[in-house]
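Have a look at input_7.cif; it's mmCIF, C-alpha atoms:
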```cif
data_start
loop_
_atom_site.label_atom_id
_atom_site.label_comp_id
_atom_site.auth_asym_id
_atom_site.auth_seq_id
_atom_site.Cartn_x
_atom_site.Cartn_y
_atom_site.Cartn_z
CA MET V 1 -295.40 -169.72 129.38
CA THR V 2 -293.83 -170.58 126.06
CA ASP V 3 -290.95 -172.92 125.40
CA ASP V 4 -288.07 -172.57 122.93
CA ILE V 5 -290.01 -174.22 120.08
CA ASP V 6 -293.01 -171.93 120.63
CA GLN V 7 -290.64 -168.97 120.49
CA VAL V 8 -289.11 -170.23 117.24
CA LEU V 9 -292.59 -170.57 115.73
CA ILE V 10 -293.68 -167.12 116.95
CA GLY V 11 -290.47 -165.56 115.63
CA ALA V 12 -290.94 -167.21 112.24
CA LEU V 13 -294.54 -165.96 112.06
CA MET V 14 -293.44 -162.46 113.06
CA GLU V 15 -291.08 -162.44 110.08
CA ASP V 16 -293.77 -163.77 107.72
CA SER V 17 -297.26 -164.55 108.98
CA ARG V 18 -298.04 -166.36 105.71
CA ARG V 19 -295.54 -169.17 106.28
CA SER V 20 -297.04 -172.56 105.63
CA LEU V 21 -297.22 -175.32 108.24
CA LYS V 22 -294.66 -177.19 106.17
CA ALA V 23 -292.23 -174.24 106.30
CA LEU V 24 -292.82 -173.80 110.03
CA ALA V 25 -292.20 -177.52 110.51
CA GLN V 26 -288.86 -177.26 108.70
CA ILE V 27 -287.83 -174.25 110.78
CA SER V 28 -288.83 -175.83 114.09
CA GLY V 29 -287.84 -179.44 113.43
CA LEU V 30 -291.39 -180.66 114.15
CA SER V 31 -293.93 -182.37 111.94
CA SER V 32 -296.67 -180.28 110.30
CA PRO V 33 -299.39 -181.80 112.57
CA SER V 34 -297.28 -180.98 115.65
CA VAL V 35 -296.83 -177.39 114.46
CA ALA V 36 -300.59 -177.10 113.84
CA GLU V 37 -301.30 -178.35 117.36
CA ARG V 38 -298.81 -175.93 118.93
CA LEU V 39 -300.27 -173.01 117.00
CA ARG V 40 -303.79 -174.04 118.06
CA ARG V 41 -302.70 -174.11 121.71
CA LEU V 42 -300.97 -170.73 121.38
CA GLU V 43 -304.16 -169.29 119.89
CA GLU V 44 -306.35 -170.80 122.63
CA ARG V 45 -304.10 -169.34 125.33
CA GLY V 46 -304.25 -165.92 123.67
CA VAL V 47 -300.52 -165.83 122.89
CA LEU V 48 -301.27 -165.63 119.16
CA LYS V 49 -304.09 -163.14 118.70
CA GLY V 50 -304.17 -163.05 114.90
CA TYR V 51 -302.27 -163.16 111.66
CA THR V 52 -301.94 -159.96 109.70
CA VAL V 53 -300.53 -158.16 106.70
CA GLU V 54 -298.61 -154.93 106.67
CA ILE V 55 -299.45 -152.31 104.07
CA ASP V 56 -297.82 -149.03 103.14
CA PRO V 57 -300.37 -146.24 103.71
CA LYS V 58 -298.60 -144.16 101.03
CA TYR V 59 -299.96 -146.60 98.44
CA PHE V 60 -303.44 -145.31 99.35
CA GLY V 61 -302.41 -141.66 99.21
CA TYR V 62 -301.61 -141.13 102.90
CA GLN V 63 -298.45 -139.08 102.55
CA LEU V 64 -298.18 -137.86 106.15
CA GLN V 65 -298.15 -139.60 109.47
CA ALA V 66 -298.61 -137.71 112.71
CA ILE V 67 -298.41 -138.45 116.41
CA VAL V 68 -301.12 -136.53 118.23
CA ARG V 69 -301.20 -135.94 121.96
CA VAL V 70 -304.76 -135.26 123.08
CA ARG V 71 -305.81 -133.55 126.31
CA PRO V 72 -309.61 -133.58 126.71
CA HIS V 73 -311.39 -130.55 128.15
CA PRO V 74 -312.97 -131.22 131.57
CA GLY V 75 -315.82 -133.72 131.30
CA GLN V 76 -315.03 -134.60 127.67
CA LEU V 77 -312.87 -137.72 128.10
CA GLN V 78 -315.45 -140.21 126.83
CA GLU V 79 -316.53 -137.97 123.97
CA VAL V 80 -312.92 -137.52 122.85
CA GLU V 81 -312.45 -141.29 122.90
CA ARG V 82 -315.61 -141.71 120.77
CA GLN V 83 -314.43 -139.03 118.34
CA ILE V 84 -311.02 -140.67 117.90
CA GLN V 85 -312.61 -144.10 117.38
CA ALA V 86 -314.95 -142.63 114.75
CA ILE V 87 -312.15 -141.10 112.64
CA PRO V 88 -310.66 -143.90 110.51
CA GLU V 89 -307.48 -141.94 109.83
CA PHE V 90 -306.56 -142.54 113.48
CA THR V 91 -304.85 -145.90 113.05
CA GLU V 92 -303.68 -146.34 116.62
CA CYS V 93 -304.46 -144.77 119.96
CA ASP V 94 -303.32 -145.37 123.52
CA LYS V 95 -304.98 -144.03 126.65
CA VAL V 96 -302.08 -142.90 128.85
CA THR V 97 -301.25 -141.36 132.20
CA GLY V 98 -299.88 -137.85 132.55
CA ASP V 99 -301.06 -134.50 131.24
CA ASP V 100 -302.36 -135.96 127.99
CA CYS V 101 -304.99 -138.68 128.10
CA PHE V 102 -304.44 -140.08 124.60
CA ILE V 103 -301.51 -140.53 122.28
CA ALA V 104 -302.63 -141.41 118.78
CA ARG V 105 -301.15 -142.16 115.37
CA LEU V 106 -302.87 -140.55 112.42
CA HIS V 107 -302.39 -140.99 108.66
CA VAL V 108 -303.48 -138.17 106.36
CA ARG V 109 -303.20 -137.26 102.70
CA SER V 110 -302.30 -133.60 103.30
CA MET V 111 -301.73 -130.90 105.91
CA GLU V 112 -305.17 -129.57 105.04
CA GLN V 113 -306.76 -132.91 105.92
CA LEU V 114 -304.79 -132.95 109.18
CA ASP V 115 -306.10 -129.49 110.06
CA THR V 116 -309.68 -130.47 109.24
CA LEU V 117 -309.58 -133.63 111.35
CA LEU V 118 -307.97 -131.92 114.32
CA ASP V 119 -310.31 -128.93 114.07
CA GLY V 120 -313.14 -131.41 114.68
CA LEU V 121 -311.56 -132.35 118.01
CA ASN V 122 -310.98 -128.76 119.16
CA ALA V 123 -314.45 -128.49 120.74
CA TYR V 124 -313.57 -131.40 123.02
CA ALA V 125 -309.80 -131.30 123.55
CA GLU V 126 -306.45 -129.62 123.11
CA THR V 127 -304.09 -131.36 120.70
CA ASN V 128 -300.35 -131.28 120.17
CA THR V 129 -299.13 -132.74 116.90
CA ALA V 130 -295.77 -133.96 115.64
CA ILE V 131 -295.23 -135.05 112.03
CA VAL V 132 -293.34 -138.33 111.70
CA LYS V 133 -290.21 -137.90 109.57
CA LYS V 134 -288.92 -141.46 109.83
CA THR V 135 -289.65 -144.63 111.79
CA PRO V 136 -286.28 -146.08 112.83
CA VAL V 137 -287.99 -148.78 114.92
CA LYS V 138 -291.14 -150.29 113.45
CA ARG V 139 -293.75 -151.78 115.77
CA ARG V 140 -292.22 -154.91 117.26
CA LEU V 141 -292.64 -157.22 120.20
CA PRO V 142 -290.38 -157.05 123.25
CA PRO V 143 -287.96 -159.95 123.69
CA MET V 144 -289.80 -163.20 124.48
CA ALA V 145 -287.07 -164.70 126.60
#
```
Now that the file is in, can you turn its structure into structure tokens?
Amino acid sequence: MTDDIDQVLIGALMEDSRRSLKALAQISGLSSPSVAERLRRLEERGVLKGYTVEIDPKYFGYQLQAIVRVRPHPGQLQEVERQIQAIPEFTECDKVTGDDCFIARLHVRSMEQLDTLLDGLNAYAETNTAIVKKTPVKRRLPPMA
């Protein structure tokens, strides 16, 4: 369980994971050593799993983003999972219940690249693809309280 100060620290890090201990201390009203100790405990408990940066894939030429629903052919579930893991353009993938076994996010430079990557999966699965037009809600955490 986290307390109000932990939640303040987590919220501040969610806004900017590069905040210094001094800045976090000012935001939380604690000393820098106290903030460091709280962060260490949050890390040990697995609440904080890492600190990251966010990049814009377009900077690297990835102009299109797609959501791909994947339904493996009978007996191909594990192979489909291996194929998805092996394709670096798949930036996210969830194994889900329902008709489709996987829902994945894919970044590509062109429609041709999308076709090529998905054609490689056709021997193992059916795919259904939607091109992302806009992301009105970026990846975020649910409310902590």
Point out the residue among V:Leu39, V:Ile67, V:Pro136, V:Arg45 with the least atom-to-atom distance to Arg105 in chain V, counting only C-alpha atoms. V:Ile67
Quick one: residues within 9 Å of Ser110 in chain V, only C-alpha atoms counted, chain neighbours fewer than 3 positions away excluded, as a ChimeraX atom specification? /V:62-64,113-115
Selection dump of the PyMOL selection byres ((chain V and resi 130-133) around 9), as a ChimeraX atom specification: /V:64-69,128-129,134-135
Expected answer as an MDAnalysis selection string: all residues with atoms within 12 Å of (-317.9, -134.8, 125.7), only C-alpha atoms: chainID V and resid 72:84 121:125
Using the chain letters and numbering of this document, enumerate as a list in words the residues selected by the PyMOL selection byres ((chain V and resi 70) around 6).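 So the PyMOL selection byres ((chain V and resi 70) around 6), applied here, picks out Arg69, Arg71, Asp100, Phe102, Glu126 and Thr127 of chain V.
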Among V:Ser17, V:Ser34, V:Gln26, V:Gln85, Lys49 in chain V is approached most closely, using all atoms listed in the file, by V:Ser17
What does the structure give for the distance between CA of Lys58 in chain V and CA of His107 in chain V, in Å to one decimal?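 Straight-line distance from CA of Lys58 in chain V to CA of His107 in chain V works out to 9.1 Å.
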Interatomic distance, CA of Thr91 in chain V to CA of Leu42 in chain V (Å, one decimal):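 CA of Leu42 in chain V lies at a distance of 26.5 Å from CA of Thr91 in chain V.
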